[in-house]
Amino acid sequence: MSRSNSHHEHGVSGSSDARLLKIALILLLVYMAIEVVLAFFAHSLALLADAGHMLTDAGALGASLWASSLSTRPARGKWTYGFVRAEILSAAGNGVTLLVVAAIISVEAISHLVHPGDVGGGLVVATASLGVVVNVTAAWILAKANRSSLNVEGAFQHIVTDLYAFVATIVAGIVIVASGFQRADAIASLIVVALMLKASWGLLRASGRILLEAAPDNVDLDVVRTHLLGVGHVRDVHDLHAWTVTSNLPILSAHVVIDDACFSEGCIPRILDQLQACLTGHFDVEHSTFQVEPARHLDHESGTH
């Protein structure tokens, strides 16, 4: 006998989140285009690096919108969970993009360290200062969205990271204006690269855990097993699995061995309610499936673990 508890929503974000994402995306794209032009005029690799980082931010926002659209498609046929995992795939893709952009900028930054160019420090300071204003505005917009979504939170963290990058660029511009030390621009670029790598690692780690179906961070299977064994009439728990389909959708399944008498006394529904209440109350897992079985059933199972 099995039973599933599935009080959850498969959506990534609502229409209000989509509207906020669109506003932030347009804001970033407009500024990024301006920054690329000014970067060439100022001969600043730091500004170009910032623009590259903003491109990945825009990619994260675009991926969130794409995933949000896919997630509204109903589950049907082979797609029993619909397309809710699209947000995880897009987050992983965004992490890979960050790595690629960071590698390109690193090569250029090292080249500029060896052969520094003539960087317009004043223009760098002005452009980066505008970037701070744009990123603060975009962060304020996204702070209103559903940040429990991995994509939305990833985009938010990228924008916050950009603030630090622009501050580093402003410092580099001031150093160039004050002292003429042109290599400050390349050094600022490498700082941006470090921030990119940090953001990339966070996204790839989080999305990788979900794609490889690791147990959620807040679910210790040994502790779960101990709690389930504490429910009356439960004698054993095996084939215990926990994974995450997408943000805020943890899943757990298990085979639960109970007293043989429960099958004739009709107390199985009450035991199932207690098992599911245990998961919801202690581990915030609302989607669970239990196979309830007598002890003798284990002799007929294959591949248990």
# chains A, B, ... in the order shown; residues from 1 in each chain; ligands from 1
call {"tool": "residues_around", "arguments": {"residues": "Val36 in chain A", "least_positions_apart": "4", "cutoff": "7 Å", "atoms": "only C-alpha atoms", "output": "list in words"}}
result
Met32, Phe40, Leu48 and Ala51 of chain A
call {"tool": "write_last_selection", "arguments": {"atoms": "C-alpha atoms", "output": "PDB file, in the first residue's frame"}}
result
ATOM      1  CA  MET A  32      25.129  47.273 -20.716  1.00  0.00           C
ATOM      2  CA  PHE A  40      35.890  51.239 -25.976  1.00  0.00           C
ATOM      3  CA  LEU A  48      34.273  45.751 -20.500  1.00  0.00           C
ATOM      4  CA  ALA A  51      29.644  44.668 -19.103  1.00  0.00           C
TER       5      ALA A  51
END
call {"tool": "residues_around", "arguments": {"residues": "Val292 in chain A", "least_positions_apart": "2", "cutoff": "10 Å", "atoms": "only C-alpha atoms", "output": "PDB file with N, CA and C atoms, in the first residue's frame"}}
result
ATOM      1  N   MET A   1       0.847  -1.195   0.000  1.00  0.00           N
ATOM      2  CA  MET A   1       0.000   0.000   0.000  1.00  0.00           C
ATOM      3  C   MET A   1       0.872   1.230   0.000  1.00  0.00           C
ATOM      4  N   SER A   2       0.531   2.169  -0.806  1.00  0.00           N
ATOM      5  CA  SER A   2       1.310   3.408  -0.871  1.00  0.00           C
ATOM      6  C   SER A   2       0.379   4.595  -0.881  1.00  0.00           C
ATOM      7  N   ARG A   3       0.932   5.735  -0.522  1.00  0.00           N
ATOM      8  CA  ARG A   3       0.134   6.956  -0.517  1.00  0.00           C
ATOM      9  C   ARG A   3       1.055   8.139  -0.724  1.00  0.00           C
ATOM     10  N   VAL A 234       5.577   1.464  13.625  1.00  0.00           N
ATOM     11  CA  VAL A 234       6.600   1.386  12.576  1.00  0.00           C
ATOM     12  C   VAL A 234       7.776   0.569  13.086  1.00  0.00           C
ATOM     13  N   VAL A 237      12.357   1.181   8.351  1.00  0.00           N
ATOM     14  CA  VAL A 237      12.262   2.086   7.200  1.00  0.00           C
ATOM     15  C   VAL A 237      13.422   1.783   6.274  1.00  0.00           C
ATOM     16  N   ALA A 254       9.769   6.325   0.691  1.00  0.00           N
ATOM     17  CA  ALA A 254      10.324   5.308   1.586  1.00  0.00           C
ATOM     18  C   ALA A 254       9.393   4.110   1.659  1.00  0.00           C
ATOM     19  N   HIS A 255       9.978   2.947   1.969  1.00  0.00           N
ATOM     20  CA  HIS A 255       9.222   1.749   2.306  1.00  0.00           C
ATOM     21  C   HIS A 255       9.173   1.675   3.827  1.00  0.00           C
ATOM     22  N   VAL A 256       7.990   1.547   4.358  1.00  0.00           N
ATOM     23  CA  VAL A 256       7.814   1.545   5.813  1.00  0.00           C
ATOM     24  C   VAL A 256       7.211   0.216   6.247  1.00  0.00           C
ATOM     25  N   VAL A 257       7.923  -0.484   7.089  1.00  0.00           N
ATOM     26  CA  VAL A 257       7.458  -1.770   7.618  1.00  0.00           C
ATOM     27  C   VAL A 257       6.694  -1.518   8.920  1.00  0.00           C
ATOM     28  N   ILE A 258       5.452  -2.015   9.004  1.00  0.00           N
ATOM     29  CA  ILE A 258       4.636  -1.815  10.196  1.00  0.00           C
ATOM     30  C   ILE A 258       4.169  -3.162  10.746  1.00  0.00           C
ATOM     31  N   PHE A 263      -2.730  -4.209   9.421  1.00  0.00           N
ATOM     32  CA  PHE A 263      -3.416  -4.473   8.170  1.00  0.00           C
ATOM     33  C   PHE A 263      -4.827  -4.995   8.390  1.00  0.00           C
ATOM     34  N   ILE A 268      -3.804   1.842   9.270  1.00  0.00           N
ATOM     35  CA  ILE A 268      -2.805   2.321   8.305  1.00  0.00           C
ATOM     36  C   ILE A 268      -3.019   3.786   7.916  1.00  0.00           C
ATOM     37  N   ILE A 271      -1.484   5.950  10.510  1.00  0.00           N
ATOM     38  CA  ILE A 271      -0.020   5.894  10.481  1.00  0.00           C
ATOM     39  C   ILE A 271       0.536   6.753   9.352  1.00  0.00           C
ATOM     40  N   LEU A 272      -0.105   6.698   8.188  1.00  0.00           N
ATOM     41  CA  LEU A 272       0.332   7.513   7.062  1.00  0.00           C
ATOM     42  C   LEU A 272       0.214   9.000   7.382  1.00  0.00           C
ATOM     43  N   THR A 289       5.905  10.028  -0.549  1.00  0.00           N
ATOM     44  CA  THR A 289       5.229   8.801  -0.941  1.00  0.00           C
ATOM     45  C   THR A 289       5.767   7.657  -0.089  1.00  0.00           C
ATOM     46  N   PHE A 290       4.863   6.936   0.572  1.00  0.00           N
ATOM     47  CA  PHE A 290       5.266   5.817   1.422  1.00  0.00           C
ATOM     48  C   PHE A 290       4.649   4.521   0.910  1.00  0.00           C
ATOM     49  N   PRO A 294       4.157  -5.253   5.327  1.00  0.00           N
ATOM     50  CA  PRO A 294       4.452  -6.106   6.491  1.00  0.00           C
ATOM     51  C   PRO A 294       5.896  -6.577   6.431  1.00  0.00           C
ATOM     52  N   ALA A 295       6.405  -7.072   7.539  1.00  0.00           N
ATOM     53  CA  ALA A 295       7.804  -7.489   7.607  1.00  0.00           C
ATOM     54  C   ALA A 295       8.123  -8.581   6.598  1.00  0.00           C
ATOM     55  N   HIS A 297       7.140  -8.978   3.703  1.00  0.00           N
ATOM     56  CA  HIS A 297       7.212  -8.515   2.311  1.00  0.00           C
ATOM     57  C   HIS A 297       8.652  -8.288   1.868  1.00  0.00           C
TER      58      HIS A 297
END
call {"tool": "closest_residue", "arguments": {"among": "A:Gly121, A:Pro216, A:Gly202, A:Gly281", "to": "Ile170 in chain A", "atoms": "only C-alpha atoms"}}
result
A:Gly121
call {"tool": "residues_around", "arguments": {"residues": "Ser253 in chain A", "least_positions_apart": "2", "cutoff": "7 Å", "atoms": "only C-alpha atoms", "output": "JSON, numbers by chain"}}
result
{"A": [240, 241, 242, 251, 288, 289, 290]}
call {"tool": "write_last_selection", "arguments": {"atoms": "C-alpha atoms", "output": "PDB file, in the first residue's frame"}}
result
ATOM      1  CA  LEU A 240      14.571   5.945   1.863  1.00  0.00           C
ATOM      2  CA  HIS A 241      15.218   8.563  -0.809  1.00  0.00           C
ATOM      3  CA  ALA A 242      15.021  12.356  -0.851  1.00  0.00           C
ATOM      4  CA  ILE A 251      10.461  14.949  -2.614  1.00  0.00           C
ATOM      5  CA  SER A 288       6.092  12.320   0.162  1.00  0.00           C
ATOM      6  CA  THR A 289       5.229   8.801  -0.941  1.00  0.00           C
ATOM      7  CA  PHE A 290       5.266   5.817   1.422  1.00  0.00           C
TER       8      PHE A 290
END
call {"tool": "atom_distance", "arguments": {"atom1": "CA of Ile34 in chain A", "atom2": "CA of Ala102 in chain A"}}
result
20.7 Å
